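Below is target20.txt, holding compact mmCIF, C-alpha atoms.
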# COMPACT_ATOMS: atom_id res chain seq x y z
CA MET A 1 -14.49 5.50 -1.07
CA SER A 2 -11.75 2.94 -0.86
CA LEU A 3 -10.80 3.01 -4.53
CA MET A 4 -9.77 6.65 -4.17
CA GLN A 5 -7.60 5.65 -1.23
CA ILE A 6 -5.65 3.24 -3.44
CA PHE A 7 -4.34 6.15 -5.49
CA ASP A 8 -2.96 7.72 -2.32
CA ILE A 9 -1.49 4.42 -1.13
CA ALA A 10 0.19 3.57 -4.43
CA GLY A 11 1.29 7.20 -4.78
CA SER A 12 2.93 7.16 -1.37
CA GLY A 13 4.67 3.90 -2.29
CA MET A 14 5.93 5.39 -5.55
CA SER A 15 7.16 8.52 -3.82
CA ALA A 16 8.96 6.50 -1.12
CA GLN A 17 10.59 4.22 -3.67
CA SER A 18 11.71 7.12 -5.84
CA LEU A 19 13.28 8.74 -2.77
CA ARG A 20 15.07 5.46 -2.11
CA LEU A 21 16.26 5.48 -5.73
CA ASN A 22 17.42 9.07 -5.23
CA THR A 23 19.53 8.22 -2.18
CA THR A 24 20.97 5.25 -4.07
CA ALA A 25 21.90 7.50 -6.98
CA SER A 26 23.48 10.03 -4.66
CA ASN A 27 25.43 7.29 -2.82
CA MET A 28 26.72 5.82 -6.07
CA ALA A 29 27.61 9.22 -7.50
CA ASN A 30 29.63 9.99 -4.37
CA ALA A 31 31.16 6.53 -4.00
CA ASN A 32 34.60 7.84 -4.91
CA SER A 33 34.45 11.33 -3.43
CA ALA A 34 37.63 11.40 -1.40
CA ALA A 35 38.39 13.80 1.43
CA SER A 36 41.40 14.47 3.60
CA SER A 37 39.70 14.00 6.98
CA ALA A 38 37.11 11.55 8.29
CA ASP A 39 34.49 14.17 9.19
CA GLN A 40 34.58 15.76 5.71
CA THR A 41 33.99 12.47 3.93
CA PHE A 42 30.63 11.61 2.43
CA ARG A 43 28.76 8.83 4.23
CA ALA A 44 26.20 6.58 2.57
CA ARG A 45 22.61 7.58 3.31
CA HIS A 46 19.66 5.22 3.59
CA PRO A 47 15.94 6.01 3.88
CA VAL A 48 13.92 4.37 6.67
CA PHE A 49 10.34 3.53 5.71
CA ALA A 50 7.43 3.46 8.12
CA PRO A 51 3.75 2.70 7.57
CA MET A 52 1.46 5.72 7.46
CA PHE A 53 -1.45 5.25 9.83
CA ASN A 54 -4.92 6.66 9.48
CA ASP A 55 -6.04 9.19 12.02
CA ALA A 56 -8.15 7.42 14.60
CA MET A 57 -11.19 9.49 13.68
CA SER A 58 -10.85 9.71 9.89
CA ASP A 59 -12.95 6.62 9.27
CA VAL A 60 -15.72 7.79 11.55
CA PHE A 61 -16.05 11.07 9.69
CA ASN A 62 -15.65 9.63 6.22
CA GLY A 63 -18.20 6.92 6.86
CA ALA A 64 -16.56 4.19 4.84
CA ALA A 65 -14.00 2.01 6.50
CA GLY A 66 -10.49 2.10 5.20
CA ALA A 67 -7.34 0.04 5.41
CA PRO A 68 -5.60 -0.26 8.79
CA SER A 69 -2.83 1.93 7.48
CA SER A 70 -2.80 4.04 4.35
CA GLY A 71 0.48 4.01 2.56
CA VAL A 72 4.11 4.34 3.40
CA ARG A 73 6.15 7.32 4.46
CA VAL A 74 9.85 8.00 4.81
CA ALA A 75 10.42 8.29 8.55
CA ALA A 76 14.03 9.35 8.33
CA ILE A 77 17.16 9.29 6.21
CA VAL A 78 20.01 7.87 8.25
CA GLU A 79 23.73 7.95 7.64
CA ASP A 80 25.50 4.64 7.36
CA GLY A 81 27.49 3.96 10.55
CA ARG A 82 30.03 1.65 9.00
CA PRO A 83 33.67 2.79 9.07
CA LEU A 84 35.08 4.84 6.20
CA GLN A 85 37.88 3.51 4.05
CA PRO A 86 41.20 5.21 4.72
CA ARG A 87 43.62 4.56 1.87
CA PHE A 88 47.30 5.28 1.78
CA GLU A 89 47.73 7.47 -1.29
CA PRO A 90 50.54 9.96 -0.62
CA GLY A 91 50.42 11.26 -4.19
CA HIS A 92 46.73 12.24 -3.89
CA PRO A 93 46.20 16.03 -3.77
CA LEU A 94 43.84 15.60 -0.79
CA ALA A 95 46.16 13.36 1.22
CA ASN A 96 46.75 14.43 4.84
CA GLU A 97 50.13 14.63 6.62
CA GLU A 98 50.32 10.84 7.03
CA GLY A 99 49.49 10.34 3.37
CA PHE A 100 45.97 8.99 3.92
CA VAL A 101 42.85 9.79 1.89
CA TYR A 102 39.38 8.91 3.22
CA TYR A 103 36.88 7.29 0.91
CA PRO A 104 33.11 7.01 1.62
CA ASN A 105 31.61 3.86 3.15
CA VAL A 106 29.40 3.25 0.11
CA ASP A 107 28.96 -0.42 -0.75
CA ILE A 108 28.45 -0.45 -4.51
CA VAL A 109 27.05 -4.00 -4.57
CA GLU A 110 24.52 -3.15 -1.89
CA GLU A 111 23.53 0.03 -3.72
CA MET A 112 23.02 -1.89 -6.96
CA THR A 113 20.71 -4.41 -5.27
CA ASN A 114 18.89 -1.52 -3.60
CA MET A 115 18.44 0.08 -7.00
CA ILE A 116 16.96 -3.07 -8.55
CA SER A 117 14.73 -3.68 -5.53
CA SER A 118 13.38 -0.13 -5.47
CA SER A 119 12.75 -0.01 -9.21
CA ARG A 120 10.83 -3.31 -8.98
CA ALA A 121 8.81 -2.02 -6.03
CA PHE A 122 8.09 1.20 -7.91
CA GLN A 123 6.87 -0.83 -10.89
CA LEU A 124 4.56 -2.88 -8.65
CA ASN A 125 3.04 0.31 -7.24
CA VAL A 126 2.47 1.63 -10.75
CA ASP A 127 0.72 -1.65 -11.63
CA VAL A 128 -1.48 -1.29 -8.55
CA MET A 129 -2.43 2.22 -9.58
CA THR A 130 -3.23 1.12 -13.13
CA ALA A 131 -5.40 -1.72 -11.83
CA ALA A 132 -7.21 0.64 -9.45
CA ARG A 133 -7.87 3.06 -12.30
CA THR A 134 -9.35 0.27 -14.44
CA MET A 135 -11.53 -0.88 -11.55
CA MET A 136 -12.71 2.63 -10.91
CA GLN A 137 -13.56 3.26 -14.55
CA ARG A 138 -15.55 0.05 -14.53
CA VAL A 139 -17.47 1.01 -11.41
CA MET A 140 -18.25 4.39 -13.00
CA SER A 141 -20.14 2.60 -15.77
CA LEU A 142 -22.41 0.76 -13.30
CA GLY A 143 -26.01 0.65 -14.45
CA GLN A 144 -25.27 1.67 -18.01
CA ALA A 145 -26.62 -0.94 -20.33
CA MET B 1 -45.37 -3.40 -4.16
CA SER B 2 -42.05 -1.70 -3.71
CA ILE B 3 -38.75 -2.88 -5.07
CA SER B 4 -36.33 -3.83 -2.33
CA PHE B 5 -32.88 -3.10 -3.66
CA SER B 6 -31.14 -5.26 -1.07
CA LYS B 7 -33.28 -8.23 -2.19
CA ALA B 8 -32.97 -7.49 -5.88
CA LEU B 9 -29.22 -7.04 -5.89
CA GLY B 10 -28.44 -10.01 -3.68
CA VAL B 11 -25.03 -10.49 -2.21
CA HIS B 12 -23.20 -8.71 -5.02
CA GLU B 13 -23.54 -5.24 -3.57
CA GLN B 14 -21.67 -6.22 -0.39
CA ALA B 15 -19.25 -8.38 -2.36
CA LEU B 16 -18.23 -5.40 -4.52
CA VAL B 17 -17.71 -3.18 -1.45
CA LEU B 18 -15.62 -5.85 0.27
CA ARG B 19 -13.57 -6.46 -2.87
CA THR B 20 -12.84 -2.75 -3.09
CA GLN B 21 -11.76 -2.62 0.54
CA ARG B 22 -9.59 -5.68 0.06
CA THR B 23 -7.94 -3.95 -2.92
CA ALA B 24 -6.96 -1.08 -0.62
CA LEU B 25 -5.54 -3.52 1.93
CA LEU B 26 -3.47 -5.37 -0.67
CA ALA B 27 -2.30 -2.10 -2.25
CA ASN B 28 -1.16 -1.08 1.20
CA ASN B 29 0.78 -4.31 1.62
CA ILE B 30 2.50 -3.75 -1.71
CA ALA B 31 3.32 -0.13 -0.84
CA ASN B 32 4.88 -1.29 2.43
CA ALA B 33 6.85 -4.13 0.83
CA SER B 34 10.15 -2.70 2.10
CA THR B 35 9.02 -1.16 5.39
CA PRO B 36 10.82 -2.67 8.37
CA GLY B 37 8.47 -4.28 10.90
CA TYR B 38 5.38 -3.99 8.70
CA LYS B 39 3.00 -6.94 8.98
CA ALA B 40 1.03 -7.87 5.86
CA ARG B 41 -2.75 -7.83 6.37
CA ASP B 42 -5.70 -9.35 4.61
CA ILE B 43 -9.35 -10.08 5.29
CA ASP B 44 -11.18 -13.39 5.51
CA PHE B 45 -13.45 -12.63 2.59
CA GLN B 46 -15.83 -15.54 3.15
CA ALA B 47 -16.42 -14.67 6.81
CA MET B 48 -16.80 -10.96 6.13
CA LEU B 49 -19.23 -11.52 3.28
CA SER B 50 -21.46 -13.82 5.30
CA GLU B 51 -21.36 -11.33 8.15
CA ALA B 52 -22.19 -8.45 5.80
CA SER B 53 -25.02 -10.27 4.06
CA ALA B 54 -26.65 -11.71 7.19
CA SER B 55 -29.84 -9.69 7.45
CA ASP B 56 -29.76 -9.05 11.19
CA THR B 57 -26.17 -7.84 11.44
CA ARG B 58 -26.17 -5.83 8.29
CA ASN B 59 -28.14 -2.81 9.31
CA VAL B 60 -27.00 -2.60 12.90
CA ASP B 61 -26.12 0.99 13.60
CA VAL B 62 -24.96 2.54 16.78
CA LEU B 63 -27.89 4.02 18.68
CA LYS B 64 -27.80 7.80 18.46
CA THR B 65 -29.47 9.58 21.35
CA ASN B 66 -28.02 12.99 20.58
CA ALA B 67 -27.74 14.90 17.33
CA ARG B 68 -24.01 15.30 17.87
CA HIS B 69 -23.31 11.56 18.12
CA ILE B 70 -21.20 10.01 15.42
CA GLY B 71 -22.66 7.04 13.59
CA GLY B 72 -20.73 3.82 13.39
CA SER B 73 -20.14 1.89 10.22
CA SER B 74 -21.43 -1.66 10.22
CA LEU B 75 -19.23 -2.83 7.36
CA SER B 76 -15.65 -2.39 8.43
CA THR B 77 -12.36 -3.95 7.45
CA GLN B 78 -10.67 -1.77 10.03
CA THR B 79 -11.09 -4.17 12.92
CA ASP B 80 -11.48 -7.41 11.01
CA ALA B 81 -8.26 -7.33 9.02
CA LEU B 82 -6.13 -10.31 9.94
CA TYR B 83 -2.38 -10.71 9.78
CA ARG B 84 -0.89 -12.90 7.12
CA VAL B 85 1.15 -15.89 8.30
CA PRO B 86 4.58 -15.40 6.71
CA THR B 87 6.16 -18.24 4.77
CA GLN B 88 9.57 -16.64 4.98
CA ALA B 89 9.76 -13.60 7.21
CA SER B 90 12.49 -11.03 6.68
CA LEU B 91 15.09 -10.26 9.34
CA ASP B 92 13.67 -6.75 9.68
CA GLY B 93 10.26 -8.11 10.73
CA ASN B 94 8.52 -7.40 7.44
CA THR B 95 6.06 -10.15 6.44
CA VAL B 96 5.14 -8.90 2.95
CA ASP B 97 5.86 -11.41 0.21
CA GLU B 98 5.66 -9.37 -2.99
CA GLN B 99 4.80 -12.38 -5.15
CA ILE B 100 1.96 -13.50 -2.87
CA GLU B 101 0.59 -9.98 -2.58
CA ASN B 102 0.84 -9.39 -6.30
CA ALA B 103 -0.95 -12.66 -7.06
CA ALA B 104 -3.65 -11.88 -4.49
CA PHE B 105 -4.05 -8.40 -5.95
CA ALA B 106 -4.44 -9.73 -9.50
CA ARG B 107 -6.95 -12.33 -8.33
CA ASN B 108 -8.86 -9.75 -6.34
CA ALA B 109 -9.01 -7.46 -9.39
CA ILE B 110 -10.57 -10.26 -11.44
CA GLU B 111 -13.01 -11.09 -8.65
CA HIS B 112 -13.87 -7.42 -8.39
CA GLN B 113 -14.67 -7.46 -12.09
CA ALA B 114 -16.81 -10.57 -11.62
CA SER B 115 -18.75 -8.97 -8.75
CA PHE B 116 -19.19 -5.86 -10.84
CA GLN B 117 -20.51 -7.87 -13.79
CA PHE B 118 -23.03 -9.63 -11.55
CA LEU B 119 -24.18 -6.35 -10.02
CA ASN B 120 -24.35 -4.65 -13.39
CA SER B 121 -26.41 -7.46 -14.87
CA LYS B 122 -28.81 -7.19 -11.90
CA PHE B 123 -29.27 -3.51 -12.71
CA THR B 124 -29.66 -4.24 -16.41
CA GLY B 125 -32.30 -6.84 -15.57
CA LEU B 126 -34.17 -4.39 -13.36
CA MET B 127 -34.12 -1.74 -16.09
CA LYS B 128 -35.45 -4.21 -18.62
CA ALA B 129 -38.25 -5.18 -16.24
CA LEU B 130 -39.13 -1.52 -15.66
CA ARG B 131 -39.18 -0.67 -19.34
CA GLY B 132 -41.21 -3.73 -20.18
CA GLU B 133 -39.85 -3.90 -23.68
Same coordinates, now as structure tokens:
Amino acid sequence: MSLMQIFDIAGSGMSAQSLRLNTTASNMANANSAASSADQTFRARHPVFAPMFNDAMSDVFNGAAGAPSSGVRVAAIVEDGRPLQPRFEPGHPLANEEGFVYYPNVDIVEEMTNMISSSRAFQLNVDVMTAARTMMQRVMSLGQA
Amino acid sequence: MSISFSKALGVHEQALVLRTQRTALLANNIANASTPGYKARDIDFQAMLSEASASDTRNVDVLKTNARHIGGSSLSTQTDALYRVPTQASLDGNTVDEQIENAAFARNAIEHQASFQFLNSKFTGLMKALRGE
């Protein structure tokens, strides 16, 4: 039954978008976490999405045909490769011998746009699920006068 | 005289099934709106409906010569889903336009309701005929 599949698809979309929102929140929260060496500094993390494909045989066994892929999954969470920001702050308690403090490579503007984009996408998936529920309820009443 | 359901219900039975499958396809496009490299897919509804309702292709099943053979499904969006031509493709290879997909989803939901109403009224008509009230 394809309508049941929509719940899984929209659910996977919602879960992926909320994970994206989570990484955004964590990046923004750590945007100013300074450290005294480059390898101790927080680096921005980004999720990588990938389509979730049906098993080759699932349609054969379930009878009904489904969508070419069924939902989205988070393939990986990668660290941002951009350089960190070393700042010359000799008075900082975490400053190293040369007086430098390392700040994370979090781009606040990019994170804000990511946040808006993921919350919009989440909302769209919720709308899809609501529509699917309405359609399903309607189909349930088939044949009732 | 026996009642033939496929004759009594007309094209609406297949239309409702196709609409439902298209909903899943569009939901999938929306879920993958930010997946790099994902290509938006859709079906040619007109072509699939005429294929599904043509009497000779509709009930074609794979010949089973052994009890352990797996039957094929004649109505399938799996192989017939086409790729949408992007108006403005993203740099990451994603061809989902959220506005287009959302509009198509809303339209499909209404058309699903229409197909359902037609099918339901066919059933209501049959029930009335059976009761003879």
Next on the checklist: Applying 8 Å and all atoms listed in the file, which residues near B:Asp42 remain after dropping the ones on its own chain fewer than 2 positions away? List them as number ranges by chain.
Outcome noted: B: 22, 25-26, 40, 44, 81-84
Checklist outcome for this item: Shortest contact to B:Ala24, candidates A:Gln17, A:Ser70, A:Ser141, A:Glu97, atoms counted all atoms listed in the file, goes to A:Ser70
Item to check | Closest of A:Pro83, A:Phe100, A:Val139, A:Ala121 to B:Val17 - atom-to-atom distances counting only C-alpha atoms | outcome: A:Val139
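Straight-line separation from atom CA of B:Ser50 to atom CA of B:Leu18: 11.1 Å.
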Checklist entry - When the cut-off is 10 Å and we count all atoms listed in the file, which residues of chain B are near chain A, given as a ChimeraX atom specification? => result /B:16-39,41-42,70-81,98,102,105-106,109-110,112-113,116-117,119-128
Please write the residues from the selection above to a file, keeping C-alpha atoms, as a short mmCIF file (atom, residue, chain, number, x, y, z; two decimals), in the frame of the given file.
data_model
loop_
_atom_site.label_atom_id
_atom_site.label_comp_id
_atom_site.auth_asym_id
_atom_site.auth_seq_id
_atom_site.Cartn_x
_atom_site.Cartn_y
_atom_site.Cartn_z
CA LEU B 16 -18.23 -5.40 -4.52
CA VAL B 17 -17.71 -3.18 -1.45
CA LEU B 18 -15.62 -5.85 0.27
CA ARG B 19 -13.57 -6.46 -2.87
CA THR B 20 -12.84 -2.75 -3.09
CA GLN B 21 -11.76 -2.62 0.54
CA ARG B 22 -9.59 -5.68 0.06
CA THR B 23 -7.94 -3.95 -2.92
CA ALA B 24 -6.96 -1.08 -0.62
CA LEU B 25 -5.54 -3.52 1.93
CA LEU B 26 -3.47 -5.37 -0.67
CA ALA B 27 -2.30 -2.10 -2.25
CA ASN B 28 -1.16 -1.08 1.20
CA ASN B 29 0.78 -4.31 1.62
CA ILE B 30 2.50 -3.75 -1.71
CA ALA B 31 3.32 -0.13 -0.84
CA ASN B 32 4.88 -1.29 2.43
CA ALA B 33 6.85 -4.13 0.83
CA SER B 34 10.15 -2.70 2.10
CA THR B 35 9.02 -1.16 5.39
CA PRO B 36 10.82 -2.67 8.37
CA GLY B 37 8.47 -4.28 10.90
CA TYR B 38 5.38 -3.99 8.70
CA LYS B 39 3.00 -6.94 8.98
CA ARG B 41 -2.75 -7.83 6.37
CA ASP B 42 -5.70 -9.35 4.61
CA ILE B 70 -21.20 10.01 15.42
CA GLY B 71 -22.66 7.04 13.59
CA GLY B 72 -20.73 3.82 13.39
CA SER B 73 -20.14 1.89 10.22
CA SER B 74 -21.43 -1.66 10.22
CA LEU B 75 -19.23 -2.83 7.36
CA SER B 76 -15.65 -2.39 8.43
CA THR B 77 -12.36 -3.95 7.45
CA GLN B 78 -10.67 -1.77 10.03
CA THR B 79 -11.09 -4.17 12.92
CA ASP B 80 -11.48 -7.41 11.01
CA ALA B 81 -8.26 -7.33 9.02
CA GLU B 98 5.66 -9.37 -2.99
CA ASN B 102 0.84 -9.39 -6.30
CA PHE B 105 -4.05 -8.40 -5.95
CA ALA B 106 -4.44 -9.73 -9.50
CA ALA B 109 -9.01 -7.46 -9.39
CA ILE B 110 -10.57 -10.26 -11.44
CA HIS B 112 -13.87 -7.42 -8.39
CA GLN B 113 -14.67 -7.46 -12.09
CA PHE B 116 -19.19 -5.86 -10.84
CA GLN B 117 -20.51 -7.87 -13.79
CA LEU B 119 -24.18 -6.35 -10.02
CA ASN B 120 -24.35 -4.65 -13.39
CA SER B 121 -26.41 -7.46 -14.87
CA LYS B 122 -28.81 -7.19 -11.90
CA PHE B 123 -29.27 -3.51 -12.71
CA THR B 124 -29.66 -4.24 -16.41
CA GLY B 125 -32.30 -6.84 -15.57
CA LEU B 126 -34.17 -4.39 -13.36
CA MET B 127 -34.12 -1.74 -16.09
CA LYS B 128 -35.45 -4.21 -18.62
#
Item to check | Contact residues around A:Leu84 with all atoms listed in the file at 12 Å, ignoring same-chain residues under 2 positions, as a ChimeraX atom specification | outcome: /A:31-44,79-82,86-87,100-107
Item to check | Residue neighbourhood B:Gln88, 12 Å, only C-alpha atoms, exclusion window fewer than 3 positions, as a list in words | outcome: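 Neighbouring residues, sequence-local ones excluded: Arg84, Val85, Leu91, Asp92, Gly93, Asn94, Thr95, Val96, Asp97, Glu98, Gln99 and Ile100 of chain B.
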Item to check | Between atom CA of A:Ala25 and atom CA of A:Met112, distance in Å (one decimal) | outcome: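 These two atoms are separated by 9.5 Å.
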Per-axis box centre and lengths in Å around stretch 10-24 of chain A, 5 Å margin per side, axis-aligned, as lines of an AutoDock Vina configuration file:
center_x = 10.6
center_y = 6.3
center_z = -3.5
size_x = 30.8
size_y = 15.5
size_z = 14.7
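One finds atom CA of B:Gly10 at 8.5 Å from atom CA of B:Ser53.
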